[in-house]
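Note: the block below is query.csv and it holds CSV, N, CA and C atoms.
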chain,number,residue,atom,x,y,z
A,144,MET,N,12.4,114.0,3.6
A,144,MET,CA,12.4,112.6,4.1
A,144,MET,C,11.0,112.1,4.1
A,145,PRO,N,10.8,110.8,3.8
A,145,PRO,CA,9.4,110.3,3.7
A,145,PRO,C,8.8,110.3,5.1
A,146,GLU,N,7.5,110.4,5.1
A,146,GLU,CA,6.7,110.5,6.4
A,146,GLU,C,6.7,109.2,7.2
A,147,HIS,N,6.9,108.0,6.6
A,147,HIS,CA,6.8,106.8,7.4
A,147,HIS,C,8.1,106.4,8.1
A,148,ILE,N,9.2,107.1,7.8
A,148,ILE,CA,10.4,106.8,8.5
A,148,ILE,C,10.5,107.6,9.8
A,149,ILE,N,10.7,106.9,10.9
A,149,ILE,CA,10.8,107.6,12.2
A,149,ILE,C,12.1,107.4,12.7
A,150,LEU,N,12.9,108.5,12.9
A,150,LEU,CA,14.2,108.4,13.5
A,150,LEU,C,14.1,108.5,15.0
A,151,GLN,N,14.8,107.6,15.7
A,151,GLN,CA,14.8,107.7,17.2
A,151,GLN,C,16.2,108.2,17.7
A,152,PRO,N,16.2,108.9,18.7
A,152,PRO,CA,17.5,109.3,19.3
A,152,PRO,C,18.2,108.1,19.9
A,153,ASP,N,19.5,108.2,20.1
A,153,ASP,CA,20.3,107.1,20.6
A,153,ASP,C,19.9,106.7,22.0
A,154,GLU,N,19.4,107.6,22.8
A,154,GLU,CA,19.0,107.2,24.1
A,154,GLU,C,17.8,106.3,24.1
A,155,VAL,N,16.9,106.4,23.2
A,155,VAL,CA,15.7,105.5,23.1
A,155,VAL,C,16.0,104.1,22.5
A,156,MET,N,17.0,104.0,21.6
A,156,MET,CA,17.4,102.8,20.9
A,156,MET,C,18.0,101.8,21.9
A,157,THR,N,17.6,100.5,21.8
A,157,THR,CA,18.1,99.5,22.7
A,157,THR,C,19.4,99.0,22.1
A,158,PHE,N,20.1,98.1,22.8
A,158,PHE,CA,21.3,97.5,22.4
A,158,PHE,C,21.1,96.8,21.1
A,159,TRP,N,20.0,96.0,20.9
A,159,TRP,CA,19.8,95.3,19.7
A,159,TRP,C,19.5,96.2,18.5
A,160,ASP,N,18.8,97.3,18.8
A,160,ASP,CA,18.6,98.2,17.7
A,160,ASP,C,19.9,98.8,17.1
A,161,LYS,N,20.8,99.1,18.0
A,161,LYS,CA,22.1,99.7,17.6
A,161,LYS,C,23.0,98.7,16.8
A,162,HIS,N,22.9,97.4,17.2
A,162,HIS,CA,23.8,96.4,16.6
A,162,HIS,C,23.0,95.3,15.8
A,163,ARG,N,22.0,95.7,15.1
A,163,ARG,CA,21.2,94.8,14.4
A,163,ARG,C,22.0,94.2,13.2
A,164,LEU,N,22.8,95.0,12.5
A,164,LEU,CA,23.5,94.6,11.3
A,164,LEU,C,24.6,93.6,11.8
A,165,SER,N,25.3,93.9,12.9
A,165,SER,CA,26.3,93.0,13.4
A,165,SER,C,25.7,91.7,13.8
A,166,LEU,N,24.6,91.7,14.4
A,166,LEU,CA,23.9,90.5,14.8
A,166,LEU,C,23.5,89.6,13.6
A,167,LEU,N,23.0,90.3,12.6
A,167,LEU,CA,22.7,89.6,11.4
A,167,LEU,C,23.9,88.9,10.7
A,168,LEU,N,25.0,89.6,10.7
A,168,LEU,CA,26.2,89.0,10.1
A,168,LEU,C,26.7,87.8,10.9
A,169,ILE,N,26.7,88.0,12.2
A,169,ILE,CA,27.1,86.9,13.1
A,169,ILE,C,26.2,85.7,13.0
A,170,ILE,N,24.9,85.9,12.9
A,170,ILE,CA,24.0,84.8,12.7
A,170,ILE,C,24.2,84.1,11.3
A,171,ALA,N,24.5,84.9,10.3
A,171,ALA,CA,24.7,84.3,8.9
A,171,ALA,C,26.0,83.5,8.9
A,172,VAL,N,27.0,83.9,9.6
A,172,VAL,CA,28.3,83.2,9.6
A,172,VAL,C,28.1,81.9,10.4
A,173,LEU,N,27.3,82.0,11.5
A,173,LEU,CA,27.1,80.8,12.4
A,173,LEU,C,26.3,79.8,11.6
A,174,ILE,N,25.3,80.2,10.9
A,174,ILE,CA,24.4,79.3,10.0
A,174,ILE,C,25.3,78.6,9.0
A,175,ALA,N,26.2,79.4,8.3
A,175,ALA,CA,27.1,78.8,7.3
A,175,ALA,C,28.0,77.8,7.9
A,176,LEU,N,28.6,78.1,9.1
A,176,LEU,CA,29.5,77.1,9.8
A,176,LEU,C,28.7,75.8,10.2
A,177,VAL,N,27.5,76.0,10.7
A,177,VAL,CA,26.7,74.8,11.1
A,177,VAL,C,26.4,74.0,9.9
A,178,MET,N,26.0,74.6,8.8
A,178,MET,CA,25.6,73.8,7.6
A,178,MET,C,26.9,73.2,7.0
A,179,THR,N,28.0,73.8,7.0
A,179,THR,CA,29.2,73.2,6.5
A,179,THR,C,29.6,72.0,7.4
A,180,ALA,N,29.5,72.1,8.7
A,180,ALA,CA,29.8,71.0,9.6
A,180,ALA,C,28.9,69.8,9.4
A,181,VAL,N,27.6,70.1,9.2
A,181,VAL,CA,26.6,69.0,8.9
A,181,VAL,C,26.9,68.4,7.6
A,182,SER,N,27.3,69.1,6.6
A,182,SER,CA,27.5,68.5,5.3
A,182,SER,C,28.8,67.7,5.3
A,183,MET,N,29.8,68.1,6.1
A,183,MET,CA,31.1,67.4,6.2
A,183,MET,C,30.9,66.1,7.0
A,184,ILE,N,30.0,66.1,8.0
A,184,ILE,CA,29.7,64.9,8.8
A,184,ILE,C,29.0,63.9,7.9
A,185,ALA,N,28.0,64.4,7.1
A,185,ALA,CA,27.3,63.6,6.2
A,185,ALA,C,28.2,63.0,5.1
A,186,TYR,N,29.1,63.8,4.6
A,186,TYR,CA,30.1,63.4,3.6
A,186,TYR,C,30.9,62.2,4.1
A,187,ASN,N,31.4,62.3,5.3
A,187,ASN,CA,32.3,61.3,5.8
A,187,ASN,C,31.4,60.1,6.3
A,188,ALA,N,30.3,60.3,6.9
A,188,ALA,CA,29.5,59.2,7.4
A,188,ALA,C,28.8,58.4,6.3
A,189,SER,N,28.5,59.0,5.2
A,189,SER,CA,27.8,58.2,4.1
A,189,SER,C,28.7,57.4,3.3
A,190,GLY,N,30.0,57.5,3.4
A,190,GLY,CA,31.0,56.8,2.6
A,190,GLY,C,31.4,57.5,1.3
A,191,THR,N,30.8,58.6,1.1
A,191,THR,CA,31.1,59.3,-0.1
A,191,THR,C,32.6,59.8,-0.2
A,192,ALA,N,33.2,60.0,1.0
A,192,ALA,CA,34.6,60.4,1.0
A,192,ALA,C,35.5,59.3,0.5
A,193,GLN,N,35.1,58.1,0.7
A,193,GLN,CA,36.0,57.0,0.1
A,193,GLN,C,35.9,56.9,-1.4
A,194,LEU,N,34.8,57.4,-2.0
A,194,LEU,CA,34.6,57.4,-3.4
A,194,LEU,C,35.3,58.5,-4.2
A,195,ASP,N,35.7,59.5,-3.4
A,195,ASP,CA,36.2,60.8,-4.0
A,195,ASP,C,37.6,60.5,-4.4
A,196,LEU,N,37.9,60.2,-5.7
A,196,LEU,CA,39.2,59.9,-6.1
A,196,LEU,C,40.1,61.1,-6.3
A,197,SER,N,39.6,62.3,-6.2
A,197,SER,CA,40.4,63.5,-6.4
A,197,SER,C,41.0,63.9,-5.1
A,198,ARG,N,40.8,63.2,-4.0
A,198,ARG,CA,41.4,63.5,-2.7
A,198,ARG,C,43.0,63.4,-2.8
A,199,PRO,N,43.7,64.1,-2.0
A,199,PRO,CA,45.2,64.0,-2.0
A,199,PRO,C,45.7,62.6,-1.8
A,200,GLY,N,45.1,61.8,-1.0
A,200,GLY,CA,45.6,60.5,-0.7
A,200,GLY,C,45.7,59.6,-2.0
A,201,TYR,N,45.0,59.9,-3.0
A,201,TYR,CA,45.0,59.1,-4.2
A,201,TYR,C,46.0,59.6,-5.2
A,202,SER,N,46.6,60.7,-5.0
A,202,SER,CA,47.6,61.3,-6.0
A,202,SER,C,48.8,60.4,-6.2
A,203,SER,N,49.2,59.7,-5.2
A,203,SER,CA,50.4,58.8,-5.4
A,203,SER,C,50.0,57.6,-6.3
A,204,VAL,N,48.7,57.2,-6.2
A,204,VAL,CA,48.3,56.0,-7.0
A,204,VAL,C,48.0,56.5,-8.4
A,205,SER,N,47.4,57.7,-8.6
A,205,SER,CA,47.0,58.1,-9.9
A,205,SER,C,48.3,58.3,-10.8
A,206,ASP,N,49.4,58.6,-10.3
A,206,ASP,CA,50.6,58.7,-11.1
A,206,ASP,C,51.1,57.4,-11.7
A,207,LYS,N,50.7,56.3,-11.1
A,207,LYS,CA,51.1,55.0,-11.5
A,207,LYS,C,50.2,54.4,-12.6
A,208,VAL,N,49.1,55.0,-12.9
A,208,VAL,CA,48.2,54.5,-13.8
A,208,VAL,C,48.8,54.5,-15.2
A,209,ASP,N,48.7,53.3,-15.9
A,209,ASP,CA,49.2,53.2,-17.3
A,209,ASP,C,48.2,53.8,-18.2
A,210,ARG,N,48.5,54.9,-18.8
A,210,ARG,CA,47.5,55.6,-19.7
A,210,ARG,C,47.7,55.2,-21.1
A,211,THR,N,48.5,54.2,-21.4
A,211,THR,CA,48.7,53.8,-22.8
A,211,THR,C,47.6,52.7,-23.3
A,212,ASP,N,46.7,52.3,-22.5
A,212,ASP,CA,45.7,51.4,-22.9
A,212,ASP,C,44.8,52.0,-24.0
A,213,LYS,N,44.5,51.2,-25.0
A,213,LYS,CA,43.6,51.7,-26.0
A,213,LYS,C,42.2,51.7,-25.5
A,214,VAL,N,41.6,52.8,-25.5
A,214,VAL,CA,40.2,52.9,-25.1
A,214,VAL,C,39.3,52.8,-26.3
A,215,THR,N,38.4,51.9,-26.3
A,215,THR,CA,37.6,51.7,-27.5
A,215,THR,C,36.3,52.6,-27.3
A,216,GLU,N,36.2,53.5,-28.2
A,216,GLU,CA,35.0,54.4,-28.0
A,216,GLU,C,34.2,54.3,-29.3
A,217,TYR,N,32.9,54.6,-29.2
A,217,TYR,CA,32.0,54.6,-30.3
A,217,TYR,C,31.8,56.0,-30.7
A,218,SER,N,32.0,56.2,-32.0
A,218,SER,CA,31.8,57.6,-32.6
A,218,SER,C,30.4,58.0,-32.5
A,219,GLY,N,30.2,59.2,-32.2
A,219,GLY,CA,28.8,59.8,-32.1
A,219,GLY,C,28.4,60.3,-33.5
A,220,PHE,N,29.3,60.3,-34.5
A,220,PHE,CA,29.0,60.8,-35.8
A,220,PHE,C,29.1,59.7,-36.8
A,221,GLY,N,28.5,59.8,-37.9
A,221,GLY,CA,28.6,58.9,-39.0
A,221,GLY,C,27.2,58.3,-39.4
A,222,SER,N,27.3,57.4,-40.3
A,222,SER,CA,26.0,56.9,-40.8
A,222,SER,C,25.4,55.9,-39.8
A,223,LEU,N,24.1,55.7,-39.8
A,223,LEU,CA,23.4,54.8,-38.9
A,223,LEU,C,22.9,53.7,-39.7
A,224,ASP,N,23.7,52.6,-39.8
A,224,ASP,CA,23.3,51.4,-40.6
A,224,ASP,C,23.5,50.2,-39.7
A,225,LYS,N,23.2,49.1,-40.3
A,225,LYS,CA,23.2,47.8,-39.5
A,225,LYS,C,24.6,47.5,-38.9
A,226,ASP,N,25.6,47.8,-39.7
A,226,ASP,CA,27.0,47.5,-39.2
A,226,ASP,C,27.4,48.4,-38.0
A,227,SER,N,27.0,49.7,-38.1
A,227,SER,CA,27.3,50.6,-37.0
A,227,SER,C,26.5,50.2,-35.7
A,228,ILE,N,25.3,49.8,-35.9
A,228,ILE,CA,24.5,49.3,-34.8
A,228,ILE,C,25.1,48.1,-34.1
A,229,ASN,N,25.5,47.1,-34.9
A,229,ASN,CA,26.1,45.9,-34.4
A,229,ASN,C,27.5,46.2,-33.7
A,230,GLU,N,28.2,47.2,-34.3
A,230,GLU,CA,29.5,47.6,-33.6
A,230,GLU,C,29.2,48.2,-32.2
A,231,PHE,N,28.2,49.0,-32.2
A,231,PHE,CA,27.8,49.6,-30.9
A,231,PHE,C,27.4,48.6,-29.9
A,232,ILE,N,26.6,47.7,-30.3
A,232,ILE,CA,26.0,46.6,-29.4
A,232,ILE,C,27.2,45.8,-28.9
A,233,GLU,N,28.2,45.5,-29.7
A,233,GLU,CA,29.4,44.7,-29.3
A,233,GLU,C,30.1,45.5,-28.2
A,234,LEU,N,30.4,46.7,-28.5
A,234,LEU,CA,31.1,47.5,-27.5
A,234,LEU,C,30.3,47.7,-26.2
A,235,TYR,N,29.0,47.9,-26.3
A,235,TYR,CA,28.2,48.1,-25.2
A,235,TYR,C,28.1,46.8,-24.3
A,236,ASP,N,28.0,45.7,-25.0
A,236,ASP,CA,27.9,44.4,-24.3
A,236,ASP,C,29.2,44.1,-23.5
A,237,ALA,N,30.4,44.4,-24.1
A,237,ALA,CA,31.7,44.2,-23.5
A,237,ALA,C,31.8,45.1,-22.2
A,238,GLN,N,31.4,46.3,-22.3
A,238,GLN,CA,31.4,47.2,-21.1
A,238,GLN,C,30.4,46.8,-20.1
A,239,ALA,N,29.2,46.3,-20.5
A,239,ALA,CA,28.2,45.9,-19.6
A,239,ALA,C,28.6,44.7,-18.8
A,240,GLU,N,29.3,43.8,-19.5
A,240,GLU,CA,29.8,42.6,-18.8
A,240,GLU,C,30.8,43.0,-17.7
A,241,LYS,N,31.7,43.9,-18.0
A,241,LYS,CA,32.6,44.4,-17.0
A,241,LYS,C,31.9,45.0,-15.8
A,242,THR,N,30.9,45.8,-16.1
A,242,THR,CA,30.1,46.5,-15.1
A,242,THR,C,29.4,45.5,-14.2
A,243,LYS,N,28.8,44.5,-14.8
A,243,LYS,CA,28.0,43.5,-14.1
A,243,LYS,C,28.9,42.7,-13.2
A,244,ALA,N,30.2,42.5,-13.5
A,244,ALA,CA,31.1,41.7,-12.7
A,244,ALA,C,31.5,42.4,-11.4
A,245,VAL,N,31.3,43.7,-11.3
A,245,VAL,CA,31.6,44.4,-10.1
A,245,VAL,C,30.5,44.3,-9.1
A,246,ASP,N,30.9,43.9,-7.8
A,246,ASP,CA,30.0,43.8,-6.7
A,246,ASP,C,29.8,45.2,-6.2
A,247,ALA,N,28.7,45.9,-6.5
A,247,ALA,CA,28.5,47.3,-6.1
A,247,ALA,C,28.3,47.4,-4.6
A,248,PHE,N,28.0,46.3,-3.9
A,248,PHE,CA,27.7,46.4,-2.5
A,248,PHE,C,28.9,46.0,-1.6
A,249,ASN,N,30.1,45.8,-2.2
A,249,ASN,CA,31.2,45.5,-1.3
A,249,ASN,C,31.8,46.9,-0.8
A,250,GLY,N,32.8,46.8,-0.1
A,250,GLY,CA,33.3,48.0,0.5
A,250,GLY,C,34.0,49.0,-0.4
A,251,ASP,N,34.4,48.6,-1.6
A,251,ASP,CA,35.2,49.5,-2.4
A,251,ASP,C,34.8,49.3,-3.9
A,252,PRO,N,33.6,49.7,-4.3
A,252,PRO,CA,33.3,49.5,-5.7
A,252,PRO,C,34.0,50.3,-6.8
A,253,LEU,N,34.7,51.3,-6.4
A,253,LEU,CA,35.5,52.1,-7.3
A,253,LEU,C,37.0,51.9,-7.2
A,254,ASN,N,37.3,50.8,-6.6
A,254,ASN,CA,38.7,50.4,-6.5
A,254,ASN,C,39.3,50.2,-7.9
A,255,PRO,N,40.4,50.8,-8.2
A,255,PRO,CA,41.0,50.6,-9.6
A,255,PRO,C,41.2,49.2,-10.0
A,256,GLU,N,41.5,48.3,-9.0
A,256,GLU,CA,41.7,46.9,-9.4
A,256,GLU,C,40.4,46.2,-9.8
A,257,ILE,N,39.3,46.6,-9.1
A,257,ILE,CA,38.0,46.1,-9.5
A,257,ILE,C,37.5,46.6,-10.8
A,258,LEU,N,37.8,47.8,-11.1
A,258,LEU,CA,37.4,48.4,-12.4
A,258,LEU,C,38.3,48.1,-13.5
A,259,GLU,N,39.3,47.3,-13.3
A,259,GLU,CA,40.3,46.8,-14.3
A,259,GLU,C,41.1,47.9,-14.9
A,260,SER,N,41.4,49.0,-14.1
A,260,SER,CA,42.3,50.0,-14.7
A,260,SER,C,43.7,49.4,-14.5
A,261,SER,N,44.6,49.7,-15.4
A,261,SER,CA,45.9,49.2,-15.4
A,261,SER,C,46.8,50.1,-14.4
A,262,VAL,N,47.4,49.4,-13.5
A,262,VAL,CA,48.3,50.1,-12.6
A,262,VAL,C,49.7,49.4,-12.7
A,263,SER,N,50.7,50.2,-13.2
A,263,SER,CA,52.0,49.6,-13.4
A,263,SER,C,52.7,49.6,-12.0
A,264,THR,N,53.1,48.5,-11.5
A,264,THR,CA,53.9,48.4,-10.3
A,264,THR,C,55.3,47.9,-10.6
A,265,ASN,N,56.2,48.7,-10.3
A,265,ASN,CA,57.6,48.4,-10.5
A,265,ASN,C,58.3,47.9,-9.2
A,266,GLU,N,57.8,46.8,-8.7
A,266,GLU,CA,58.4,46.3,-7.5
A,266,GLU,C,59.2,45.0,-7.7
Show me the file's structure as structure tokens.
Amino acid sequence: MPEHIILQPDEVMTFWDKHRLSLLLIIAVLIALVMTAVSMIAYNASGTAQLDLSRPGYSSVSDKVDRTDKVTEYSGFGSLDKDSINEFIELYDAQAEKTKAVDAFNGDPLNPEILESSVSTNE
């Protein structure tokens, strides 16, 4: 046994010496719980919870989205000439106009109606 390790008999060890590992585990779990609580409070208080569209409350709405709309995308491959640059600028300007029309400071900037996503309502 190495010389620098000193073993103490059980009578000399204090309660904290005997339960040091248990105390460490309890403190680690408590820190994790406190940090989780703080992050959940910040998540709800900052308004980020309203922007999270993957929440279960939005599943009924996401089923009604009409996914047949043609999405115009610009290819990342191909030749780079004047026509392709003009095509990109047209597509970019169209999307930029839609983005500029959204008031980002209102209560619901990611509302599907504001973002012009098609929702079929059969009422």
Checklist entry - In Å to one decimal, how far is atom C of Arg163 of chain A from atom N of Ala175 of chain A? => result 16.1 Å
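If you look at atom CA of Phe220 of chain A and atom C of Ala239 of chain A, they are 23.4 Å away from each other.
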Item to check | Between atom N of Gly219 of chain A and atom N of Asp236 of chain A - distance in Å to one decimal | outcome: 15.5 Å
